$ cat start-v4.txt   # compact mmCIF, C-alpha atoms and all ligand atoms
# COMPACT_ATOMS: atom_id res chain seq x y z
CA MET T 1 14.77 -123.51 95.95
CA SER T 2 13.31 -122.74 92.51
CA GLU T 3 13.08 -119.20 91.21
CA HIS T 4 10.91 -117.69 88.52
CA ARG T 5 10.89 -114.53 86.49
CA VAL T 6 7.68 -112.56 86.97
CA THR T 7 6.43 -109.42 85.26
CA VAL T 8 3.67 -107.58 87.07
CA THR T 9 2.12 -104.19 86.43
CA VAL T 10 2.06 -102.55 89.85
CA ASN T 11 0.21 -99.26 90.20
CA GLY T 12 0.48 -98.75 86.47
CA ARG T 13 4.18 -99.50 86.18
CA ALA T 14 5.64 -102.72 84.74
CA VAL T 15 7.94 -104.47 87.19
CA ALA T 16 10.07 -107.53 86.42
CA ARG T 17 11.80 -109.52 89.15
CA THR T 18 13.16 -112.99 89.79
CA VAL T 19 11.40 -114.40 92.84
CA ALA T 20 11.46 -117.57 94.85
CA ALA T 21 8.59 -119.89 94.01
CA GLN T 22 7.16 -119.62 97.52
CA ARG T 23 7.42 -115.82 97.77
CA LEU T 24 4.07 -114.39 98.87
CA LEU T 25 2.62 -111.59 96.80
CA ARG T 26 2.36 -109.49 100.00
CA ASP T 27 6.07 -109.92 100.74
CA PHE T 28 6.96 -109.23 97.13
CA LEU T 29 5.09 -105.92 97.30
CA ARG T 30 6.47 -104.90 100.67
CA ASP T 31 10.01 -106.22 100.61
CA GLU T 32 10.91 -106.17 96.92
CA LEU T 33 9.02 -103.05 95.86
CA GLY T 34 8.88 -101.11 99.13
CA LEU T 35 5.10 -100.75 99.02
CA THR T 36 4.62 -101.06 102.75
CA GLY T 37 1.08 -99.74 102.80
CA THR T 38 0.04 -103.36 102.28
CA LYS T 39 0.13 -104.88 105.76
CA GLY T 40 0.33 -108.36 107.16
CA ALA T 41 -1.07 -109.63 110.41
CA CYS T 42 -2.96 -112.89 110.47
CA GLU T 43 -1.13 -114.64 107.64
CA ASP T 44 -4.17 -116.79 106.91
CA GLY T 45 -6.64 -114.66 105.00
CA MET T 46 -8.72 -113.55 107.97
CA CYS T 47 -7.83 -109.92 108.70
CA GLY T 48 -7.78 -108.25 105.27
CA SER T 49 -4.87 -105.97 106.12
CA CYS T 50 -2.98 -107.26 103.08
CA SER T 51 -5.81 -106.56 100.60
CA VAL T 52 -4.80 -105.38 97.13
CA ARG T 53 -6.53 -105.29 93.78
CA LEU T 54 -5.46 -107.96 91.30
CA ASP T 55 -6.81 -107.47 87.80
CA GLY T 56 -9.91 -105.74 89.11
CA SER T 57 -10.70 -108.01 92.07
CA VAL T 58 -9.75 -107.40 95.67
CA VAL T 59 -7.60 -110.25 96.96
CA LYS T 60 -5.69 -111.04 100.12
CA SER T 61 -2.08 -110.93 99.09
CA CYS T 62 -0.98 -113.23 101.91
CA LEU T 63 -2.87 -116.03 100.20
CA LEU T 64 -1.24 -115.60 96.80
CA LEU T 65 2.23 -116.26 95.54
CA ALA T 66 4.05 -113.60 93.59
CA VAL T 67 4.32 -115.99 90.66
CA GLU T 68 0.52 -116.22 90.57
CA ALA T 69 0.40 -112.50 89.76
CA ASP T 70 2.68 -112.91 86.76
CA GLY T 71 1.28 -111.03 83.78
CA GLN T 72 -1.44 -109.34 85.85
CA ALA T 73 -2.07 -105.85 87.20
CA VAL T 74 -1.82 -105.13 90.92
CA THR T 75 -3.04 -101.97 92.61
CA THR T 76 -1.93 -101.26 96.16
CA ILE T 77 -2.98 -98.48 98.50
CA GLU T 78 -0.10 -96.39 97.16
CA GLY T 79 -1.70 -96.47 93.70
CA LEU T 80 -5.32 -96.05 94.69
CA ALA T 81 -5.39 -92.33 93.93
CA PRO T 82 -3.31 -90.16 91.63
CA ASP T 83 -0.26 -88.40 93.01
CA GLY T 84 -1.20 -85.81 95.58
CA GLY T 85 -4.85 -86.80 95.67
CA LEU T 86 -7.10 -88.98 97.75
CA HIS T 87 -9.60 -91.57 96.61
CA PRO T 88 -13.12 -90.79 97.88
CA VAL T 89 -12.88 -93.67 100.35
CA GLN T 90 -9.65 -92.25 101.79
CA GLN T 91 -11.23 -88.82 102.14
CA ALA T 92 -14.33 -90.35 103.71
CA LEU T 93 -12.23 -92.34 106.18
CA ILE T 94 -10.51 -89.13 107.23
CA ASP T 95 -13.69 -87.07 107.44
CA ASN T 96 -15.53 -89.74 109.42
CA PHE T 97 -12.59 -90.55 111.75
CA GLY T 98 -12.69 -94.11 110.40
CA PHE T 99 -9.35 -95.17 111.86
CA GLN T 100 -7.28 -94.96 115.00
CA CYS T 101 -3.88 -96.69 114.74
CA GLY T 102 -4.36 -96.98 110.97
CA PHE T 103 -2.91 -100.46 110.61
CA CYS T 104 -6.06 -101.90 109.08
CA THR T 105 -6.86 -98.81 107.03
CA PRO T 106 -5.13 -99.66 103.73
CA GLY T 107 -6.92 -102.98 103.57
CA PHE T 108 -10.26 -101.39 104.37
CA ALA T 109 -9.64 -98.69 101.77
CA MET T 110 -8.92 -101.25 99.06
CA THR T 111 -12.08 -103.18 99.88
CA MET T 112 -14.15 -100.02 100.14
CA ALA T 113 -12.86 -98.68 96.81
CA SER T 114 -14.08 -101.83 95.14
CA LEU T 115 -17.45 -101.66 96.88
CA VAL T 116 -18.19 -98.04 96.01
CA ALA T 117 -17.42 -98.73 92.35
CA GLU T 118 -20.28 -101.25 92.19
CA PRO T 119 -23.66 -100.17 90.84
CA GLY T 120 -26.10 -99.36 93.62
CA ALA T 121 -23.40 -98.87 96.23
CA ALA T 122 -25.06 -95.64 97.37
CA ASP T 123 -28.13 -97.68 98.31
CA LEU T 124 -26.23 -99.67 100.92
CA ASP T 125 -27.51 -99.37 104.46
CA ALA T 126 -25.39 -99.77 107.57
CA GLU T 127 -26.18 -103.45 107.97
CA ALA T 128 -25.29 -104.23 104.36
CA ALA T 129 -22.13 -102.16 104.68
CA ARG T 130 -21.06 -104.09 107.76
CA GLU T 131 -21.65 -107.36 105.92
CA ALA T 132 -19.70 -106.13 102.89
CA LEU T 133 -16.72 -105.36 105.13
CA VAL T 134 -16.73 -108.70 106.91
CA GLY T 135 -13.40 -109.70 105.35
CA ASN T 136 -11.53 -106.85 107.04
CA ILE T 137 -10.82 -106.69 110.76
CA CYS T 138 -10.16 -103.60 112.86
CA ARG T 139 -9.06 -103.90 116.49
CA CYS T 140 -9.44 -100.21 117.34
CA THR T 141 -12.52 -98.49 116.06
CA GLY T 142 -15.50 -100.72 116.74
CA TYR T 143 -16.40 -100.35 113.04
CA VAL T 144 -19.10 -97.71 113.47
CA ARG T 145 -17.03 -94.96 111.91
CA ILE T 146 -15.64 -97.23 109.21
CA VAL T 147 -19.18 -98.16 108.19
CA ALA T 148 -20.10 -94.48 108.21
CA ALA T 149 -17.10 -93.80 105.97
CA LEU T 150 -18.16 -96.46 103.49
CA LEU T 151 -21.69 -95.06 103.26
CA ASP T 152 -20.28 -91.55 102.90
CA ALA T 153 -17.82 -92.63 100.20
CA ALA T 154 -20.57 -94.37 98.25
CA ARG T 155 -22.58 -91.16 98.34
CA ARG T 156 -19.59 -89.12 97.22
CA VAL T 157 -18.99 -91.43 94.28
CA ARG T 158 -22.67 -91.34 93.33
CA ASP T 159 -22.53 -87.55 93.42
CA GLY T 160 -19.42 -87.47 91.27
CA GLU T 161 -16.87 -86.44 93.87
CA GLY T 162 -13.42 -87.77 93.00
CA ARG T 163 -14.69 -88.83 89.60
CA GLY T 164 -12.11 -90.98 87.89
CA GLN T 165 -10.46 -91.98 91.15
CA ALA T 166 -13.28 -94.30 92.09
CA ALA T 167 -12.97 -96.23 88.84
CA SER T 168 -11.41 -99.67 88.99
CA GLY T 169 -8.24 -98.75 87.12
CA PRO T 170 -5.03 -97.91 88.96
CA ALA T 171 -3.63 -94.44 89.35
CA PRO T 172 -0.29 -93.62 87.73
CA ALA T 173 2.78 -95.22 89.24
CA SER T 174 4.27 -94.27 92.59
CA GLY T 175 1.30 -92.30 93.91
CA ARG T 176 1.44 -92.01 97.67
CA ALA T 177 -1.52 -90.32 99.22
CA PRO T 178 -0.85 -88.01 102.13
CA GLY T 179 -2.15 -88.49 105.64
CA ARG T 180 -2.71 -91.57 107.73
CA ALA T 181 -5.31 -92.98 105.37
CA ASP T 182 -2.44 -93.98 103.07
CA GLY T 183 -1.37 -96.63 105.52
CA ARG T 184 1.90 -95.15 106.70
S1 LIG T 201 -2.41 -110.89 106.55
FE1 LIG T 201 -3.57 -111.40 104.77
S2 LIG T 201 -5.62 -111.54 105.47
FE2 LIG T 201 -4.45 -111.15 107.28
S1 LIG T 202 -7.54 -98.53 113.26
FE1 LIG T 202 -6.23 -99.81 114.45
S2 LIG T 202 -6.67 -101.83 113.71
FE2 LIG T 202 -8.09 -100.56 112.69
$ encode --input "start-v4.txt" --output "C-alpha cells"
Amino acid sequence: MSEHRVTVTVNGRAVARTVAAQRLLRDFLRDELGLTGTKGACEDGMCGSCSVRLDGSVVKSCLLLAVEADGQAVTTIEGLAPDGGLHPVQQALIDNFGFQCGFCTPGFAMTMASLVAEPGAADLDAEAAREALVGNICRCTGYVRIVAALLDAARRVRDGEGRGQAASGPAPASGRAPGRADGR
C-alpha cells in the first residue's frame, strides 16, 4: 500500500499528514482530522452529504482522494462561519425549519453557501432553487423548507446580513457553529 505526504489548508489551518493513496478526502476529514460534520451515505456522489468546498468549488468528498487535495484549501461545515457565529444559510435553515434529523444539513449548507455567493442569487425562484439543490438529497423534509431557507439566505446576503461570512473564503480554523445546523 503506497502512502503520500499531503499538505492541505483546512478551514484556514495548514495540515500535513501521511495518507494511504486510496484514502478518500471525506475519510481524511472525518477520521484523521475529526471534522465529522462532513457526512457519508451513498458513497457514489449522489446524496451530497459529504459536500465540502475545495479551492472555491463545492465538491463531493467521497469522490476525491485526499492526495488530490494536496496543496489546496478545503472548507468544511465546521469552518463555514467564524467561531461562535452562523453563516446566513445556517441561520436561514434554522429560521425556516429546513431540517429534521440534520444528517443532510451540512452538505446542503455547503452547497447553499456557494449558491448565495453567486451574483443574482436573490433573484432565484423556488423552481430554480430546487434545481440548484439537485445534487443534495434529504430523506426527511420534503425539500419545501430547505428551498425556503435557500431563498431566505439569498435575500439575507443581498441585504448584507452576515456580511463577510457569505464570501467564498473560509472562516478561521476550528470554528464550530452551534445548533443542529452545524451537522452534529
Ligand atoms: S457520500 Fe458523497 S455524495 Fe453521498
Ligand atoms: S433532515 Fe434528515 S435527511 Fe435531511
$ residues_near_ligand --input "start-v4.txt" --ligand "ligand LIG 201 (chain T)" --cutoff "10 Å" --atoms "all atoms listed in the file" --output "CSV table (one decimal) with C-alpha atoms, in the coordinates of the input"
chain,number,residue,atom,x,y,z
T,26,ARG,CA,2.4,-109.5,100.0
T,38,THR,CA,0.0,-103.4,102.3
T,39,LYS,CA,0.1,-104.9,105.8
T,40,GLY,CA,0.3,-108.4,107.2
T,41,ALA,CA,-1.1,-109.6,110.4
T,42,CYS,CA,-3.0,-112.9,110.5
T,43,GLU,CA,-1.1,-114.6,107.6
T,44,ASP,CA,-4.2,-116.8,106.9
T,45,GLY,CA,-6.6,-114.7,105.0
T,46,MET,CA,-8.7,-113.6,108.0
T,47,CYS,CA,-7.8,-109.9,108.7
T,48,GLY,CA,-7.8,-108.2,105.3
T,49,SER,CA,-4.9,-106.0,106.1
T,50,CYS,CA,-3.0,-107.3,103.1
T,51,SER,CA,-5.8,-106.6,100.6
T,52,VAL,CA,-4.8,-105.4,97.1
T,59,VAL,CA,-7.6,-110.2,97.0
T,60,LYS,CA,-5.7,-111.0,100.1
T,61,SER,CA,-2.1,-110.9,99.1
T,62,CYS,CA,-1.0,-113.2,101.9
T,63,LEU,CA,-2.9,-116.0,100.2
T,64,LEU,CA,-1.2,-115.6,96.8
T,104,CYS,CA,-6.1,-101.9,109.1
T,107,GLY,CA,-6.9,-103.0,103.6
T,135,GLY,CA,-13.4,-109.7,105.4
T,136,ASN,CA,-11.5,-106.8,107.0
T,137,ILE,CA,-10.8,-106.7,110.8
$ closest_atom_pairs --input "start-v4.txt" --of "chain T" --to "ligand LIG 202 (chain T)" --cutoff "8 Å" --atoms "only C-alpha atoms and all ligand atoms" --output "Markdown table"
| residue | atom | partner | partner_atom | distance |
| --- | --- | --- | --- | --- |
| T:Gly98 | CA | T:LIG202 | S1 | 7.4 |
| T:Phe99 | CA | T:LIG202 | S1 | 4.1 |
| T:Gln100 | CA | T:LIG202 | S1 | 4.0 |
| T:Cys101 | CA | T:LIG202 | FE1 | 3.9 |
| T:Gly102 | CA | T:LIG202 | S1 | 4.2 |
| T:Phe103 | CA | T:LIG202 | S2 | 5.1 |
| T:Cys104 | CA | T:LIG202 | FE2 | 4.4 |
| T:Thr105 | CA | T:LIG202 | FE2 | 6.1 |
| T:Ile137 | CA | T:LIG202 | FE2 | 7.0 |
| T:Cys138 | CA | T:LIG202 | FE2 | 3.7 |
| T:Arg139 | CA | T:LIG202 | S2 | 4.2 |
| T:Cys140 | CA | T:LIG202 | FE1 | 4.3 |
| T:Thr141 | CA | T:LIG202 | S1 | 5.7 |
$ write_last_selection --input "start-v4.txt" --atoms "C-alpha atoms" --output "CSV table (one decimal), in the coordinates of the input"
chain,number,residue,atom,x,y,z
T,98,GLY,CA,-12.7,-94.1,110.4
T,99,PHE,CA,-9.4,-95.2,111.9
T,100,GLN,CA,-7.3,-95.0,115.0
T,101,CYS,CA,-3.9,-96.7,114.7
T,102,GLY,CA,-4.4,-97.0,111.0
T,103,PHE,CA,-2.9,-100.5,110.6
T,104,CYS,CA,-6.1,-101.9,109.1
T,105,THR,CA,-6.9,-98.8,107.0
T,137,ILE,CA,-10.8,-106.7,110.8
T,138,CYS,CA,-10.2,-103.6,112.9
T,139,ARG,CA,-9.1,-103.9,116.5
T,140,CYS,CA,-9.4,-100.2,117.3
T,141,THR,CA,-12.5,-98.5,116.1
$ residues_near_point --input "start-v4.txt" --point "(-13.3, -108.6, 92.4)" --cutoff "12 Å" --atoms "only C-alpha atoms" --output "list in words"
Ser51, Val52, Arg53, Leu54, Asp55, Gly56, Ser57, Val58, Val59, Lys60, Met110, Thr111, Met112, Ala113, Ser114, Leu115, Ala117, Glu118 and Ser168 of chain T
$ residues_around --input "start-v4.txt" --residues "region 90-94 of chain T" --least-positions-apart "4" --cutoff "8 Å" --atoms "all atoms listed in the file" --output "PyMOL selection string"
chain T and resi 86+98-99+109+145-146+149-150+152-153+181-182
$ axis_aligned_box --input "start-v4.txt" --around "region 155-158 of chain T" --padding-each-side "6 Å" --output "JSON"
{"center_x": -20.8, "center_y": -90.3, "center_z": 95.8, "size_x": 15.7, "size_y": 14.3, "size_z": 17.0}
$ atom_distance --input "start-v4.txt" --atom1 "CA of Glu78 (chain T)" --atom2 "CA of Asn11 (chain T)"
7.5 Å
$ closest_residue --input "start-v4.txt" --among "T:Asn96, T:Thr18, T:Ser2, T:Thr76" --to "Leu35 (chain T)" --atoms "all atoms listed in the file"
T:Thr76
$ closest_residue --input "start-v4.txt" --among "T:Ala128, T:Leu29, T:Ala73, T:Leu80" --to "Arg13 (chain T)" --atoms "all atoms listed in the file"
T:Ala73
$ atom_distance --input "start-v4.txt" --atom1 "CA of Val19 (chain T)" --atom2 "CA of Pro106 (chain T)"
24.7 Å
$ closest_residue --input "start-v4.txt" --among "T:Leu65, T:Val6, T:Ala154, T:Met1" --to "Leu24 (chain T)" --atoms "all atoms listed in the file"
T:Leu65
$ atom_distance --input "start-v4.txt" --atom1 "CA of Pro82 (chain T)" --atom2 "CA of Gly142 (chain T)"
29.8 Å
$ residues_around --input "start-v4.txt" --residues "Leu33 (chain T)" --least-positions-apart "6" --cutoff "10 Å" --atoms "only C-alpha atoms" --output "PDB file with C-alpha atoms, keeping the file's coordinate frame"
ATOM      1  CA  VAL T  10       2.060-102.550  89.850  1.00  0.00           C
ATOM      2  CA  VAL T  15       7.940-104.470  87.190  1.00  0.00           C
ATOM      3  CA  ARG T  17      11.800-109.520  89.150  1.00  0.00           C
ATOM      4  CA  ASP T  27       6.070-109.920 100.740  1.00  0.00           C
TER       5      ASP T  27
END
$ build_atoms --input "start-v4.txt" --residues "region 87-123 of chain T" --atoms "N, CA and C atoms" --output "short mmCIF file (atom, residue, chain, number, x, y, z; two decimals), in the frame of the given file"
data_model
loop_
_atom_site.label_atom_id
_atom_site.label_comp_id
_atom_site.auth_asym_id
_atom_site.auth_seq_id
_atom_site.Cartn_x
_atom_site.Cartn_y
_atom_site.Cartn_z
N HIS T 87 -8.40 -90.89 97.09
CA HIS T 87 -9.60 -91.57 96.61
C HIS T 87 -10.77 -91.17 97.53
N PRO T 88 -11.98 -91.14 97.02
CA PRO T 88 -13.12 -90.79 97.88
C PRO T 88 -13.21 -91.62 99.15
N VAL T 89 -12.80 -92.88 99.11
CA VAL T 89 -12.88 -93.67 100.35
C VAL T 89 -11.83 -93.20 101.35
N GLN T 90 -10.66 -92.77 100.87
CA GLN T 90 -9.65 -92.25 101.79
C GLN T 90 -10.13 -90.95 102.43
N GLN T 91 -10.72 -90.08 101.60
CA GLN T 91 -11.23 -88.82 102.14
C GLN T 91 -12.36 -89.08 103.14
N ALA T 92 -13.22 -90.04 102.81
CA ALA T 92 -14.33 -90.35 103.71
C ALA T 92 -13.84 -90.96 105.02
N LEU T 93 -12.79 -91.79 104.95
CA LEU T 93 -12.23 -92.34 106.18
C LEU T 93 -11.67 -91.23 107.07
N ILE T 94 -11.03 -90.26 106.46
CA ILE T 94 -10.51 -89.13 107.23
C ILE T 94 -11.66 -88.32 107.83
N ASP T 95 -12.63 -87.97 107.00
CA ASP T 95 -13.69 -87.07 107.44
C ASP T 95 -14.60 -87.71 108.48
N ASN T 96 -14.67 -89.05 108.46
CA ASN T 96 -15.53 -89.74 109.42
C ASN T 96 -14.74 -90.35 110.58
N PHE T 97 -13.45 -90.01 110.68
CA PHE T 97 -12.59 -90.55 111.75
C PHE T 97 -12.66 -92.07 111.75
N GLY T 98 -12.51 -92.66 110.55
CA GLY T 98 -12.69 -94.11 110.40
C GLY T 98 -11.44 -94.92 110.68
N PHE T 99 -10.55 -94.42 111.48
CA PHE T 99 -9.35 -95.17 111.86
C PHE T 99 -8.80 -94.59 113.15
N GLN T 100 -8.01 -95.43 113.82
CA GLN T 100 -7.28 -94.96 115.00
C GLN T 100 -5.79 -95.21 114.79
N CYS T 101 -5.31 -96.44 114.98
CA CYS T 101 -3.88 -96.69 114.74
C CYS T 101 -3.57 -96.69 113.25
N GLY T 102 -4.53 -97.02 112.41
CA GLY T 102 -4.36 -96.98 110.97
C GLY T 102 -3.82 -98.25 110.34
N PHE T 103 -3.51 -99.24 111.17
CA PHE T 103 -2.91 -100.46 110.61
C PHE T 103 -3.84 -101.15 109.61
N CYS T 104 -5.11 -101.20 109.93
CA CYS T 104 -6.06 -101.90 109.08
C CYS T 104 -6.52 -101.05 107.90
N THR T 105 -6.23 -99.77 107.95
CA THR T 105 -6.86 -98.81 107.03
C THR T 105 -6.57 -99.06 105.55
N PRO T 106 -5.34 -99.38 105.15
CA PRO T 106 -5.13 -99.66 103.73
C PRO T 106 -6.00 -100.80 103.21
N GLY T 107 -6.10 -101.85 104.00
CA GLY T 107 -6.92 -102.98 103.57
C GLY T 107 -8.38 -102.61 103.46
N PHE T 108 -8.87 -101.86 104.46
CA PHE T 108 -10.26 -101.39 104.37
C PHE T 108 -10.44 -100.51 103.15
N ALA T 109 -9.50 -99.61 102.90
CA ALA T 109 -9.64 -98.69 101.77
C ALA T 109 -9.70 -99.44 100.44
N MET T 110 -8.89 -100.49 100.30
CA MET T 110 -8.92 -101.25 99.06
C MET T 110 -10.26 -101.94 98.88
N THR T 111 -10.77 -102.52 99.95
CA THR T 111 -12.08 -103.18 99.88
C THR T 111 -13.18 -102.16 99.61
N MET T 112 -13.12 -101.04 100.30
CA MET T 112 -14.15 -100.02 100.14
C MET T 112 -14.14 -99.43 98.73
N ALA T 113 -12.94 -99.24 98.16
CA ALA T 113 -12.86 -98.68 96.81
C ALA T 113 -13.55 -99.59 95.81
N SER T 114 -13.41 -100.88 96.03
CA SER T 114 -14.08 -101.83 95.14
C SER T 114 -15.60 -101.77 95.33
N LEU T 115 -16.01 -101.68 96.59
CA LEU T 115 -17.45 -101.66 96.88
C LEU T 115 -18.13 -100.42 96.30
N VAL T 116 -17.52 -99.27 96.46
CA VAL T 116 -18.19 -98.04 96.01
C VAL T 116 -18.23 -97.93 94.50
N ALA T 117 -17.41 -98.74 93.81
CA ALA T 117 -17.42 -98.73 92.35
C ALA T 117 -18.54 -99.59 91.78
N GLU T 118 -19.21 -100.36 92.66
CA GLU T 118 -20.28 -101.25 92.19
C GLU T 118 -21.58 -100.46 92.02
N PRO T 119 -22.38 -100.83 91.01
CA PRO T 119 -23.66 -100.17 90.84
C PRO T 119 -24.53 -100.33 92.09
N GLY T 120 -25.20 -99.28 92.47
CA GLY T 120 -26.10 -99.36 93.62
C GLY T 120 -25.42 -99.24 94.96
N ALA T 121 -24.12 -98.96 94.96
CA ALA T 121 -23.40 -98.87 96.23
C ALA T 121 -24.01 -97.81 97.15
N ALA T 122 -24.50 -96.72 96.55
CA ALA T 122 -25.06 -95.64 97.37
C ALA T 122 -26.34 -96.06 98.07
N ASP T 123 -26.90 -97.20 97.67
CA ASP T 123 -28.13 -97.68 98.31
C ASP T 123 -27.84 -98.59 99.51
#
